[in-house]
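Participant: Okay, so here is protein28.cif, and as you'll see once you scroll down, it has mmCIF, C-alpha atoms.
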```
data_work
#
loop_
_atom_site.label_atom_id
_atom_site.label_comp_id
_atom_site.auth_asym_id
_atom_site.auth_seq_id
_atom_site.Cartn_x
_atom_site.Cartn_y
_atom_site.Cartn_z
CA LEU A 1 26.65 -31.77 -1.22
CA PRO A 2 29.93 -33.63 -0.77
CA ALA A 3 32.19 -32.37 2.01
CA GLY A 4 35.41 -30.82 0.76
CA LEU A 5 33.73 -29.50 -2.39
CA SER A 6 35.46 -26.15 -2.07
CA GLN A 7 38.84 -27.80 -1.52
CA TRP A 8 38.63 -29.87 -4.70
CA PHE A 9 37.07 -27.15 -6.84
CA PRO A 10 38.02 -23.78 -5.40
CA ALA A 11 37.46 -22.01 -8.72
CA LEU A 12 33.96 -23.39 -9.26
CA GLU A 13 31.72 -20.87 -11.06
CA VAL A 14 28.72 -22.94 -12.10
CA LEU A 15 27.22 -25.75 -10.05
CA ASP A 16 24.30 -27.80 -11.36
CA VAL A 17 22.86 -30.29 -8.86
CA SER A 18 19.41 -30.47 -10.46
CA GLY A 19 17.48 -33.70 -10.26
CA THR A 20 19.70 -35.31 -7.64
CA GLY A 21 17.16 -35.69 -4.84
CA LEU A 22 19.00 -33.16 -2.68
CA ALA A 23 17.16 -32.29 0.53
CA GLU A 24 19.66 -29.82 1.95
CA MET A 25 22.63 -27.75 0.89
CA GLY A 26 25.01 -27.11 3.71
CA THR A 27 28.13 -25.21 4.59
CA GLU A 28 30.05 -26.71 1.66
CA LEU A 29 28.51 -23.91 -0.42
CA LEU A 30 29.82 -21.13 1.76
CA SER A 31 33.48 -21.47 0.81
CA LEU A 32 33.01 -21.32 -2.97
CA PRO A 33 34.16 -17.74 -3.63
CA CYS A 34 33.75 -17.78 -7.42
CA LEU A 35 30.33 -19.39 -7.67
CA HIS A 36 27.97 -17.25 -9.75
CA THR A 37 25.41 -19.81 -10.94
CA LEU A 38 23.69 -22.41 -8.76
CA LEU A 39 21.10 -24.68 -10.37
CA ALA A 40 19.28 -26.96 -7.95
CA LYS A 41 15.91 -27.56 -9.59
CA ASN A 42 13.81 -30.69 -9.20
CA ASN A 43 15.13 -31.72 -5.82
CA ARG A 44 13.66 -32.17 -2.35
CA LEU A 45 14.66 -28.78 -1.00
CA GLY A 46 12.23 -26.78 1.09
CA GLY A 47 12.74 -27.93 4.63
CA PRO A 48 14.74 -26.15 7.34
CA GLY A 49 18.27 -27.14 6.24
CA SER A 50 17.77 -26.34 2.57
CA LEU A 51 20.10 -23.37 2.49
CA PRO A 52 23.04 -22.89 4.87
CA LYS A 53 22.65 -20.35 7.68
CA GLY A 54 25.81 -18.38 7.00
CA LEU A 55 24.73 -17.53 3.45
CA GLY A 56 24.40 -13.82 4.17
CA GLN A 57 28.04 -13.55 5.27
CA ALA A 58 29.60 -15.85 2.69
CA PRO A 59 31.39 -14.52 -0.42
CA LEU A 60 28.46 -16.13 -2.22
CA ALA A 61 26.18 -13.37 -1.00
CA ARG A 62 27.89 -10.93 -3.32
CA SER A 63 29.03 -13.24 -6.11
CA LEU A 64 25.97 -15.37 -6.82
CA ARG A 65 24.09 -14.12 -9.88
CA VAL A 66 21.76 -16.94 -10.87
CA LEU A 67 19.83 -19.22 -8.52
CA ASN A 68 17.35 -21.79 -9.79
CA LEU A 69 15.32 -23.59 -7.13
CA SER A 70 12.33 -24.49 -9.30
CA GLY A 71 10.58 -27.81 -8.82
CA ASN A 72 11.31 -28.13 -5.13
CA ARG A 73 9.14 -28.03 -2.01
CA PHE A 74 9.55 -24.52 -0.66
CA ALA A 75 6.43 -23.35 1.20
CA GLU A 76 8.00 -19.97 1.84
CA VAL A 77 10.92 -18.02 0.44
CA PRO A 78 13.77 -18.84 2.85
CA PRO A 79 14.76 -15.56 4.57
CA VAL A 80 18.46 -16.33 4.19
CA LEU A 81 17.99 -16.26 0.41
CA LEU A 82 17.10 -12.58 0.60
CA ARG A 83 20.67 -11.81 1.67
CA LEU A 84 22.03 -12.67 -1.78
CA ARG A 85 22.54 -9.06 -2.74
CA GLY A 86 24.21 -9.77 -6.06
CA LEU A 87 21.45 -12.03 -7.34
CA ARG A 88 20.26 -11.17 -10.86
CA SER A 89 18.06 -14.15 -11.61
CA LEU A 90 15.89 -16.14 -9.20
CA SER A 91 13.57 -18.97 -10.03
CA LEU A 92 11.24 -20.56 -7.51
CA GLY A 93 8.77 -21.87 -10.10
CA GLY A 94 6.79 -24.99 -9.27
CA ASN A 95 7.17 -24.87 -5.50
CA ARG A 96 4.56 -24.50 -2.77
CA LEU A 97 4.79 -20.79 -2.04
CA HIS A 98 1.69 -19.12 -0.63
CA GLY A 99 3.09 -15.62 -0.67
CA ILE A 100 6.02 -13.36 -1.46
CA PRO A 101 7.85 -11.77 1.49
CA PRO A 102 7.99 -7.93 1.44
CA ASP A 103 11.73 -8.23 2.07
CA ILE A 104 12.09 -9.42 -1.51
CA GLN A 105 12.97 -5.77 -2.06
CA GLU A 106 16.40 -6.52 -0.54
CA LEU A 107 17.42 -8.29 -3.75
CA HIS A 108 18.12 -4.99 -5.48
CA SER A 109 20.09 -6.44 -8.38
CA LEU A 110 17.28 -8.74 -9.41
CA GLU A 111 16.41 -8.64 -13.12
CA PHE A 112 14.58 -11.91 -13.61
CA LEU A 113 12.07 -13.35 -11.13
CA TYR A 114 10.18 -16.55 -11.90
CA LEU A 115 7.44 -17.48 -9.42
CA GLY A 116 5.05 -19.32 -11.72
CA GLY A 117 3.28 -22.48 -10.60
CA ASN A 118 2.89 -21.78 -6.88
CA PHE A 119 -0.09 -20.95 -4.63
CA ILE A 120 0.56 -17.24 -4.32
CA THR A 121 -2.57 -15.25 -3.47
CA ALA A 122 -1.26 -11.70 -3.28
CA ILE A 123 1.63 -9.55 -4.43
CA PRO A 124 3.28 -7.29 -1.85
CA PRO A 125 3.68 -3.69 -3.07
CA GLU A 126 7.33 -3.92 -1.95
CA LEU A 127 7.99 -6.05 -5.02
CA ALA A 128 7.79 -2.80 -6.94
CA LYS A 129 10.95 -1.58 -5.21
CA LEU A 130 13.18 -3.76 -7.38
CA PRO A 131 14.69 -1.16 -9.71
CA SER A 132 16.24 -3.52 -12.26
CA LEU A 133 13.42 -6.04 -12.57
CA ARG A 134 12.81 -6.73 -16.26
CA TYR A 135 11.08 -10.07 -16.38
CA LEU A 136 8.43 -11.03 -13.82
CA VAL A 137 6.58 -14.33 -14.05
CA LEU A 138 3.58 -14.88 -11.78
CA CYS A 139 1.52 -17.24 -13.96
CA ASP A 140 -0.34 -20.26 -12.58
CA ASN A 141 -0.94 -18.88 -9.11
CA LYS A 142 -4.01 -17.74 -7.18
CA ILE A 143 -3.52 -13.99 -7.44
CA GLN A 144 -6.68 -11.92 -7.12
CA SER A 145 -5.35 -8.45 -7.61
CA ILE A 146 -2.28 -6.52 -8.70
CA PRO A 147 -1.17 -3.69 -6.42
CA PRO A 148 -1.09 -0.38 -8.35
CA GLN A 149 2.42 0.22 -6.97
CA LEU A 150 3.67 -2.40 -9.42
CA ALA A 151 3.61 0.40 -11.99
CA GLN A 152 6.79 1.67 -10.31
CA LEU A 153 8.76 -1.16 -11.91
CA HIS A 154 10.22 1.13 -14.54
CA SER A 155 12.47 -1.49 -16.08
CA LEU A 156 9.78 -4.12 -16.52
CA ARG A 157 9.72 -5.57 -20.06
CA SER A 158 7.66 -8.69 -19.59
CA LEU A 159 4.92 -9.54 -17.12
CA SER A 160 3.34 -12.96 -17.06
CA LEU A 161 0.01 -13.17 -15.21
CA HIS A 162 -1.84 -15.93 -17.03
CA ASN A 163 -3.93 -18.49 -15.14
CA ASN A 164 -4.66 -16.50 -12.01
CA LEU A 165 -7.82 -15.14 -10.38
CA LEU A 166 -7.69 -11.56 -11.65
CA THR A 167 -10.97 -9.83 -12.42
CA TYR A 168 -9.41 -6.50 -13.41
CA LEU A 169 -6.08 -4.73 -13.59
CA PRO A 170 -5.06 -1.44 -12.00
CA ARG A 171 -5.14 1.43 -14.46
CA GLU A 172 -1.56 2.23 -13.43
CA ILE A 173 -0.40 -0.73 -15.45
CA LEU A 174 -0.44 1.67 -18.40
CA ASN A 175 2.41 3.59 -16.77
CA LEU A 176 4.81 0.75 -17.45
CA VAL A 177 6.30 2.40 -20.51
CA HIS A 178 8.82 -0.32 -21.26
CA LEU A 179 6.40 -3.20 -20.89
CA GLU A 180 6.39 -5.14 -24.14
CA GLU A 181 4.59 -8.28 -23.14
CA LEU A 182 1.70 -8.94 -20.83
CA SER A 183 0.04 -12.35 -20.65
CA LEU A 184 -3.41 -12.47 -19.14
CA ARG A 185 -5.25 -15.51 -20.46
CA GLY A 186 -7.04 -17.78 -18.03
CA ASN A 187 -8.13 -14.99 -15.68
CA PRO A 188 -11.79 -14.34 -14.94
CA LEU A 189 -11.51 -10.76 -16.21
CA VAL A 190 -14.82 -8.98 -16.08
CA VAL A 191 -16.29 -8.34 -19.49
CA ARG A 192 -19.18 -6.15 -18.53
CA PHE A 193 -18.97 -2.62 -17.16
CA VAL A 194 -19.10 -2.68 -13.39
CA ARG A 195 -20.83 0.15 -11.61
CA ASP A 196 -19.04 2.00 -8.85
CA LEU A 197 -18.02 -0.21 -5.99
CA THR A 198 -18.29 0.46 -2.27
CA TYR A 199 -16.09 3.12 -0.79
CA ASN A 200 -14.43 2.42 2.54
CA PRO A 201 -13.86 5.68 4.43
CA PRO A 202 -10.19 6.33 5.06
CA SER A 203 -8.65 5.41 8.42
CA LEU A 204 -7.02 8.06 10.62
CA GLN A 205 -3.66 6.71 9.57
CA GLU A 206 -4.60 7.16 5.96
CA LEU A 207 -5.85 10.72 6.51
CA ALA A 208 -2.67 11.62 8.35
CA GLY A 209 -0.58 10.03 5.63
CA ARG A 210 -2.43 11.95 2.93
CA THR A 211 -1.85 15.23 4.73
CA VAL A 212 1.85 14.55 5.21
CA LYS A 213 2.22 13.87 1.51
CA THR A 214 0.03 16.57 -0.01
CA ARG A 215 1.27 19.32 2.29
CA ASN A 216 4.87 18.13 1.93
CA VAL A 217 5.31 17.89 5.67
CA PRO A 218 9.01 17.13 6.07
CA TYR A 219 9.98 14.01 7.95
CA ALA A 220 13.07 11.92 8.42
CA PRO A 221 13.42 8.23 9.29
CA SER A 222 14.41 9.31 12.81
CA ASP A 223 11.05 11.05 13.29
CA LEU A 224 8.83 8.08 12.70
CA PRO A 225 8.70 4.35 13.39
CA GLU A 226 10.07 2.38 10.44
CA SER A 227 6.65 0.92 9.67
CA LEU A 228 5.21 4.39 9.13
CA VAL A 229 8.14 5.50 7.00
CA ARG A 230 7.44 2.49 4.83
CA TYR A 231 3.71 3.22 4.77
CA LEU A 232 4.35 6.77 3.57
CA SER A 233 6.55 5.52 0.77
CA LEU A 234 3.67 3.49 -0.64
CA ALA A 235 1.47 6.47 -1.45
CA SER A 236 -0.18 6.38 -4.84
CA ASN A 237 -1.02 9.49 -6.81
CA CYS A 238 -4.63 10.07 -7.73
CA PRO A 239 -4.75 9.58 -11.50
CA ASN A 240 -6.94 12.60 -11.94
CA PRO A 241 -4.53 15.21 -13.36
CA LYS A 242 -6.54 18.02 -11.79
CA CYS A 243 -6.29 16.52 -8.33
CA GLY A 244 -3.00 16.62 -6.51
CA GLY A 245 -4.18 14.02 -4.04
CA VAL A 246 -2.67 10.75 -2.92
CA TYR A 247 -4.20 7.67 -1.39
CA PHE A 248 -2.98 4.60 0.43
CA ASP A 249 -5.64 1.95 0.92
CA SER A 250 -8.87 3.87 0.78
CA CYS A 251 -10.11 5.01 -2.58
CA VAL A 252 -13.03 5.02 -4.93
CA ARG A 253 -12.77 2.35 -7.54
CA GLN A 254 -14.44 1.96 -10.85
CA ILE A 255 -13.73 -0.19 -13.83
CA LYS A 256 -13.22 1.21 -17.28
CA PHE A 257 -12.41 -0.79 -20.35
CA VAL A 258 -9.39 0.12 -22.41
CA ASP A 259 -8.65 -1.06 -25.89
CA PHE A 260 -5.25 -2.59 -26.50
CA CYS A 261 -4.19 -1.96 -30.07
CA GLY A 262 -7.75 -2.56 -31.20
CA LYS A 263 -7.40 -6.18 -30.11
CA TYR A 264 -8.66 -6.68 -26.59
CA ARG A 265 -10.70 -4.62 -24.23
CA LEU A 266 -9.18 -4.96 -20.82
CA PRO A 267 -10.94 -3.96 -17.62
CA LEU A 268 -8.76 -1.46 -15.83
CA MET A 269 -9.54 -0.35 -12.34
CA HIS A 270 -9.38 3.39 -11.86
CA TYR A 271 -8.64 4.57 -8.36
CA LEU A 272 -9.72 7.98 -7.26
CA CYS A 273 -8.71 9.41 -3.93
CA SER A 274 -12.27 10.26 -2.87
CA PRO A 275 -15.85 10.43 -4.14
CA GLU A 276 -15.52 14.21 -4.26
CA CYS A 277 -12.53 14.00 -6.57
CA SER A 278 -13.86 15.62 -9.69
CA SER A 279 -12.46 13.36 -12.29
CA PRO A 280 -12.82 12.90 -16.00
CA PHE A 281 -13.28 9.21 -15.17
CA SER A 282 -16.14 9.76 -12.75
CA SER A 283 -19.51 8.60 -13.97
CA ALA A 284 -21.13 11.00 -11.49
CA SER A 285 -20.29 14.13 -13.48
CA GLN A 286 -22.75 13.45 -16.26
CA SER A 287 -23.10 16.81 -17.99
CA SER A 288 -19.71 17.41 -19.50
CA THR A 289 -18.80 13.73 -19.52
CA SER A 290 -18.86 12.90 -23.18
CA GLN A 291 -15.96 15.11 -24.16
CA SER A 292 -13.79 14.52 -21.11
CA GLU A 293 -14.57 10.82 -20.95
CA SER A 294 -13.52 10.28 -24.51
CA ASP A 295 -10.39 12.35 -23.87
CA SER A 296 -9.45 10.14 -20.98
CA GLU A 297 -10.29 7.02 -22.99
CA ASP A 298 -8.01 8.24 -25.79
CA GLU A 299 -5.22 8.94 -23.35
CA ALA A 300 -5.58 5.44 -21.99
CA SER A 301 -5.69 3.95 -25.46
CA VAL A 302 -2.53 5.73 -26.50
CA ALA A 303 -0.78 4.35 -23.45
CA ALA A 304 -2.18 0.91 -24.24
CA HIS A 305 -0.84 1.02 -27.78
CA ARG A 306 2.65 1.11 -26.39
CA MET A 307 2.16 -2.42 -25.21
CA GLN A 308 3.01 -4.46 -28.23
CA LYS A 309 2.14 -7.91 -27.17
CA VAL A 310 -0.77 -8.26 -24.84
CA LEU A 311 -1.32 -11.98 -24.82
CA LEU A 312 -4.90 -12.54 -23.83
CA GLY A 313 -6.41 -14.82 -26.44
CA PHE B 1 10.57 -13.37 -23.22
CA ARG B 2 8.23 -15.53 -25.23
CA TYR B 3 8.67 -18.56 -27.43
CA THR B 4 10.84 -18.04 -30.50
CA ARG B 5 10.26 -19.22 -34.07
CA ASN B 6 13.45 -20.10 -35.88
CA LEU B 7 13.27 -20.85 -39.60
CA VAL B 8 15.43 -23.74 -40.71
CA ASP B 9 14.36 -24.42 -44.30
CA SER B 10 11.88 -22.95 -46.76
CA GLY B 11 11.96 -25.82 -49.25
CA ASN B 12 11.81 -23.94 -52.57
CA GLY B 13 8.74 -22.12 -51.37
CA LYS B 14 6.71 -25.31 -50.84
CA PHE B 15 6.99 -25.50 -47.06
CA ASN B 16 8.41 -23.85 -43.98
CA LEU B 17 10.41 -25.92 -41.53
CA MET B 18 11.09 -24.22 -38.23
CA ILE B 19 12.17 -24.88 -34.68
CA LEU B 20 10.21 -23.34 -31.81
CA CYS B 21 11.91 -22.78 -28.46
CA TRP B 22 9.64 -22.50 -25.45
CA GLY B 23 10.75 -21.14 -22.10
CA GLU B 24 9.11 -22.23 -18.85
CA GLY B 25 5.46 -21.20 -18.83
CA HIS B 26 5.45 -19.97 -22.44
CA GLY B 27 2.33 -20.58 -24.48
CA SER B 28 0.84 -19.58 -27.80
CA SER B 29 -2.51 -17.97 -28.44
CA ILE B 30 -5.36 -20.00 -29.92
CA HIS B 31 -4.72 -19.94 -33.64
CA ASP B 32 -5.68 -21.37 -37.03
CA HIS B 33 -3.39 -22.57 -39.81
CA THR B 34 -4.47 -20.58 -42.85
CA ASP B 35 -5.54 -23.59 -44.93
CA SER B 36 -2.17 -25.32 -44.57
CA HIS B 37 -1.00 -28.64 -43.18
CA CYS B 38 0.82 -28.37 -39.88
CA PHE B 39 3.06 -31.12 -38.48
CA MET B 40 4.72 -30.78 -35.10
CA LYS B 41 7.31 -32.98 -33.41
CA ILE B 42 8.56 -32.55 -29.88
CA LEU B 43 12.35 -32.52 -29.80
CA GLN B 44 12.81 -31.72 -26.12
CA GLY B 45 10.54 -31.41 -23.10
CA ASN B 46 6.74 -31.59 -23.26
CA LEU B 47 4.05 -29.43 -24.85
CA LYS B 48 0.36 -29.36 -24.02
CA GLU B 49 -1.95 -29.06 -27.01
CA THR B 50 -5.53 -27.90 -26.41
CA LEU B 51 -7.93 -28.26 -29.34
CA PHE B 52 -10.82 -25.85 -29.79
CA GLU B 53 -13.90 -25.82 -32.00
CA TRP B 54 -14.16 -22.94 -34.45
CA PRO B 55 -16.26 -20.22 -32.82
CA GLY B 56 -19.85 -19.94 -34.03
CA LYS B 57 -21.01 -17.26 -36.41
CA LYS B 58 -22.09 -15.12 -33.46
CA GLY B 59 -18.59 -15.21 -32.01
CA ASN B 60 -19.81 -13.97 -28.68
CA GLY B 61 -19.30 -16.73 -26.21
CA GLU B 62 -16.57 -18.66 -24.52
CA MET B 63 -14.85 -20.96 -27.03
CA THR B 64 -15.44 -24.69 -26.72
CA LYS B 65 -12.53 -26.95 -25.78
CA LYS B 66 -12.57 -30.18 -27.75
CA SER B 67 -9.71 -32.03 -26.12
CA GLU B 68 -6.26 -31.61 -24.67
CA ARG B 69 -3.18 -33.78 -24.43
CA VAL B 70 0.44 -33.56 -23.42
CA LEU B 71 2.88 -34.42 -26.17
CA ARG B 72 6.09 -36.02 -24.97
CA GLU B 73 9.56 -36.06 -26.50
CA ASN B 74 9.60 -37.48 -30.05
CA GLN B 75 5.82 -37.52 -30.32
CA CYS B 76 4.23 -36.00 -33.41
CA ALA B 77 0.99 -34.14 -33.96
CA TYR B 78 -0.87 -32.89 -37.01
CA ILE B 79 -3.53 -30.24 -37.44
CA ASN B 80 -5.28 -28.32 -40.20
CA ASP B 81 -8.22 -25.91 -40.24
CA SER B 82 -10.81 -28.65 -40.84
CA ILE B 83 -9.73 -30.36 -37.62
CA GLY B 84 -10.01 -27.17 -35.60
CA LEU B 85 -7.93 -24.61 -33.73
CA HIS B 86 -5.36 -25.15 -31.05
CA ARG B 87 -3.26 -23.59 -28.32
CA VAL B 88 0.19 -25.00 -27.62
CA GLU B 89 1.87 -24.41 -24.27
CA ASN B 90 4.91 -25.40 -22.26
CA ILE B 91 3.22 -25.85 -18.92
CA SER B 92 6.41 -26.80 -17.14
CA HIS B 93 7.86 -24.34 -14.64
CA THR B 94 11.17 -26.14 -14.58
CA GLU B 95 11.90 -27.36 -18.12
CA THR B 96 12.20 -25.66 -21.47
CA ALA B 97 10.79 -27.30 -24.60
CA VAL B 98 11.77 -27.44 -28.25
CA SER B 99 9.51 -28.43 -31.16
CA LEU B 100 9.96 -28.90 -34.89
CA HIS B 101 7.18 -27.56 -37.13
CA LEU B 102 6.47 -28.19 -40.79
CA TYR B 103 3.90 -26.04 -42.55
CA SER B 104 2.86 -26.71 -46.11
CA PRO B 105 2.16 -24.49 -47.99
CA PRO B 106 4.05 -21.88 -46.00
CA PHE B 107 2.08 -18.99 -44.46
CA ASP B 108 3.02 -15.87 -42.56
CA THR B 109 -0.35 -14.67 -41.32
CA CYS B 110 -2.96 -16.44 -39.26
CA ASN B 111 -5.85 -15.62 -36.97
CA THR B 112 -5.59 -15.60 -33.20
CA PHE B 113 -8.71 -16.07 -31.11
CA ASP B 114 -9.84 -14.68 -27.76
CA GLN B 115 -10.91 -17.70 -25.71
CA ARG B 116 -13.50 -15.67 -23.80
CA THR B 117 -15.37 -14.31 -26.79
CA GLY B 118 -14.32 -16.19 -29.92
CA HIS B 119 -13.32 -12.93 -31.57
CA LYS B 120 -10.54 -13.38 -34.08
CA HIS B 121 -7.73 -11.09 -35.03
CA LYS B 122 -5.36 -11.46 -37.96
CA VAL B 123 -1.70 -11.41 -37.08
CA THR B 124 1.54 -11.53 -39.03
CA MET B 125 3.97 -14.12 -37.74
CA THR B 126 7.62 -13.23 -37.47
CA PHE B 127 10.81 -15.21 -37.06
CA TYR B 128 13.26 -14.77 -34.25
CA SER B 129 15.97 -16.16 -36.52
CA GLN B 130 16.27 -17.50 -40.04
CA TYR B 131 18.83 -20.08 -41.14
CA GLY B 132 20.75 -19.45 -37.92
CA GLU B 133 20.85 -15.65 -38.23
CA ARG B 134 18.97 -13.44 -35.81
CA THR B 135 16.17 -11.57 -37.59
CA VAL B 136 16.20 -7.89 -36.78
CA CYS B 137 12.77 -6.26 -37.05
#
```
Write the structure described by the file as structure tokens, please.

Facilitator:
Amino acid sequence: LPAGLSQWFPALEVLDVSGTGLAEMGTELLSLPCLHTLLAKNNRLGGPGSLPKGLGQAPLARSLRVLNLSGNRFAEVPPVLLRLRGLRSLSLGGNRLHGIPPDIQELHSLEFLYLGGNFITAIPPELAKLPSLRYLVLCDNKIQSIPPQLAQLHSLRSLSLHNNLLTYLPREILNLVHLEELSLRGNPLVVRFVRDLTYNPPSLQELAGRTVKTRNVPYAPSDLPESLVRYLSLASNCPNPKCGGVYFDSCVRQIKFVDFCGKYRLPLMHYLCSPECSSPFSSASQSSTSQSESDSEDEASVAAHRMQKVLLG
Amino acid sequence: FRYTRNLVDSGNGKFNLMILCWGEGHGSSIHDHTDSHCFMKILQGNLKETLFEWPGKKGNGEMTKKSERVLRENQCAYINDSIGLHRVENISHTETAVSLHLYSPPFDTCNTFDQRTGHKHKVTMTFYSQYGERTVC
């Protein structure tokens, strides 16, 4: 970027330096107090000097709303980017990302997140802590599973997951009541019923976590290391309405197929907190299954009908 | 949130002329053209067209890809049901795309196909806007 940029154009609001071969953006950015949109796609950004160090302290940190860094060479999300607290729209499509940092949750104003066309293999549950996220694009990556916590994205309207490595979805996806579009084509979704999978016994940490949650043991951030406070916040509720249990990583999993508006049968993974959890979903309780199984299927189908545009075909 | 269909002209009922706007990563389902002629011209960006064979009578297997190509700006393509089915996608993660479509005779329903099974499902197509006015559904 040319030196003196902020002296010549102190009122600059939109800066588009796309397709200019830029390899770094330096301190010239930091003194642009009115900048709300920065478009820098199709450049050579991605190395150490790509974004200036003082970004977190600059006026930009609060004023920048839209940042487009698609078509560059980022192998990781630059940590300094996560200080842009006012950011509403972020695109890092077509880069070389292998993962998403859990600190993405710092971008609490984020509404639009485009991460398509990278090499992402997993989604951190912390992504679900973005309260205003409406549009999430994760297509053309290498994602193998969706964390059930993603169902906490209450504002989500559109979720793009096509061309990944998903074999099933978490049942909790049905809890996304505002989700209008879900694209899933190009995933190796299982088509046949899969019998119950192996159950890994819970760790001591998990058992302690479950007890804290189900017995409502009070705790404050000063009582526990930060990592444990975070762990406790990621508890998932057992979907069995009769069970008040929670689970963290250890659970019984089985796949059930749910009809979406009579169009597609999607494999949804049901998580139960333990093999003893007497659940309408459990294939073990044979005797009274037919009634309760169809009830739970109906409940799932009703939830599925809310999703207007499941784009699978 | 997905590509938009914007009607420009309905030619005395003989054809539909529309502009489709594709965001990054947007794609269509595999679809047929209800016995009509379909012309497509790329006005901006690039679109990938994947041609598929009609699924067999059994309709219970993965659909067969015939060919695929990337259409560049100003290129034209044509398809009708006797040629086959297709999926059109903007595979770019950085550029949007715009295409001009001419369908004759006009149609507002078609079949979409599940690539994994060949099962078809009839859908009604809607317009995001008509003659420049946003269509409210």

Participant: List as JSON lines every residue of chain B that is in contact with chain A, defined as an atom at most 7 Å from one of its atoms (using only C-alpha atoms), together with the nearest atom pair and the distance in Å rounded to one decimal, sorted by chain and then rising number.

Facilitator:
```
{"residue": "B:Phe1", "atom": "CA", "partner": "A:Ser158", "partner_atom": "CA", "distance": 6.6}
{"residue": "B:Ser29", "atom": "CA", "partner": "A:Gly313", "partner_atom": "CA", "distance": 5.4}
{"residue": "B:Ile30", "atom": "CA", "partner": "A:Gly313", "partner_atom": "CA", "distance": 6.3}
{"residue": "B:His93", "atom": "CA", "partner": "A:Gly93", "partner_atom": "CA", "distance": 5.2}
{"residue": "B:Thr94", "atom": "CA", "partner": "A:Ser70", "partner_atom": "CA", "distance": 5.7}
{"residue": "B:Thr112", "atom": "CA", "partner": "A:Gly313", "partner_atom": "CA", "distance": 6.9}
{"residue": "B:Phe113", "atom": "CA", "partner": "A:Gly313", "partner_atom": "CA", "distance": 5.4}
{"residue": "B:Asp114", "atom": "CA", "partner": "A:Gly313", "partner_atom": "CA", "distance": 3.7}
{"residue": "B:Gln115", "atom": "CA", "partner": "A:Gly313", "partner_atom": "CA", "distance": 5.4}
{"residue": "B:His121", "atom": "CA", "partner": "A:Lys263", "partner_atom": "CA", "distance": 7.0}
```

Participant: Can you pull out the residues contacting Ile91 in chain B? Cut-off 10 Å, using only C-alpha atoms, and skip same-chain residues under 6 positions away; I want them as a list in words.

Facilitator: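 The residues satisfying every condition are Gly116, Gly117 and Asp140 of chain A; Trp22, Gly23, Glu24, Gly25, His26, Gly27, Asn46, Leu47, Lys48, Val70 and Ala97 of chain B.
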
Participant: Selection from above, C-alpha atoms, as a short mmCIF file (atom, residue, chain, number, x, y, z; two decimals), keeping the file's coordinate frame, can you write it?

Facilitator:
```cif
data_model
loop_
_atom_site.label_atom_id
_atom_site.label_comp_id
_atom_site.auth_asym_id
_atom_site.auth_seq_id
_atom_site.Cartn_x
_atom_site.Cartn_y
_atom_site.Cartn_z
CA GLY A 116 5.05 -19.32 -11.72
CA GLY A 117 3.28 -22.48 -10.60
CA ASP A 140 -0.34 -20.26 -12.58
CA TRP B 22 9.64 -22.50 -25.45
CA GLY B 23 10.75 -21.14 -22.10
CA GLU B 24 9.11 -22.23 -18.85
CA GLY B 25 5.46 -21.20 -18.83
CA HIS B 26 5.45 -19.97 -22.44
CA GLY B 27 2.33 -20.58 -24.48
CA ASN B 46 6.74 -31.59 -23.26
CA LEU B 47 4.05 -29.43 -24.85
CA LYS B 48 0.36 -29.36 -24.02
CA VAL B 70 0.44 -33.56 -23.42
CA ALA B 97 10.79 -27.30 -24.60
#
```

Participant: I'd like the interatomic distance between CA of Thr135 in chain B and CA of Leu179 in chain A, to a tenth of an Å.

Facilitator: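 It comes out at 21.1 Å.
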
Participant: Skipping near chain neighbours, those fewer than 3 positions away, what residues fall within 7 Å of Ala77 in chain B using all atoms listed in the file, listed as a VMD selection string?

Facilitator: chain B and resid 39 to 41

Participant: Just the selected residues (C-alpha atoms), exported as a compact mmCIF listing (two decimals), keeping the file's coordinate frame, please.

Facilitator:
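Once written, result-v6.txt looks like this:
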```
# COMPACT_ATOMS: atom_id res chain seq x y z
CA PHE B 39 3.06 -31.12 -38.48
CA MET B 40 4.72 -30.78 -35.10
CA LYS B 41 7.31 -32.98 -33.41
```

Participant: If you measure from CA of Arg65 in chain A to CA of Val14 in chain A, what distance in Å do you get, rounded to one decimal?

Facilitator: 10.2 Å

Participant: Can you tell me how far CA of Ala61 in chain A sits from CA of Thr37 in chain A, in Å to one decimal?

Facilitator: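 Result for CA of Ala61 in chain A versus CA of Thr37 in chain A: 11.9 Å, one decimal.
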
Participant: In terms of the shortest atom-to-atom distance over all atoms listed in the file, which of A:Gly244, A:Glu13, A:Leu97, A:Ile104 is closest to Leu60 in chain A?

Facilitator: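 Looking at the shortest contact to Leu60 in chain A, the residue is A:Glu13.
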
Participant: Please write the residues picked by the PyMOL selection byres ((chain A and resi 155) around 8) on this file as a PyMOL selection string.

Facilitator: chain A and resi 131-134+153-154+156-157+178-179

Participant: Only C-alpha atoms, please: the residues just picked out, written as an mmCIF file, in the coordinates of the input.

Facilitator:
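Writing the result to result14.cif gives the following:
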```
data_model
loop_
_atom_site.group_PDB
_atom_site.id
_atom_site.type_symbol
_atom_site.label_atom_id
_atom_site.label_comp_id
_atom_site.auth_asym_id
_atom_site.auth_seq_id
_atom_site.Cartn_x
_atom_site.Cartn_y
_atom_site.Cartn_z
ATOM 1 C CA PRO A 131 14.690 -1.160 -9.710
ATOM 2 C CA SER A 132 16.240 -3.520 -12.260
ATOM 3 C CA LEU A 133 13.420 -6.040 -12.570
ATOM 4 C CA ARG A 134 12.810 -6.730 -16.260
ATOM 5 C CA LEU A 153 8.760 -1.160 -11.910
ATOM 6 C CA HIS A 154 10.220 1.130 -14.540
ATOM 7 C CA LEU A 156 9.780 -4.120 -16.520
ATOM 8 C CA ARG A 157 9.720 -5.570 -20.060
ATOM 9 C CA HIS A 178 8.820 -0.320 -21.260
ATOM 10 C CA LEU A 179 6.400 -3.200 -20.890
#
```
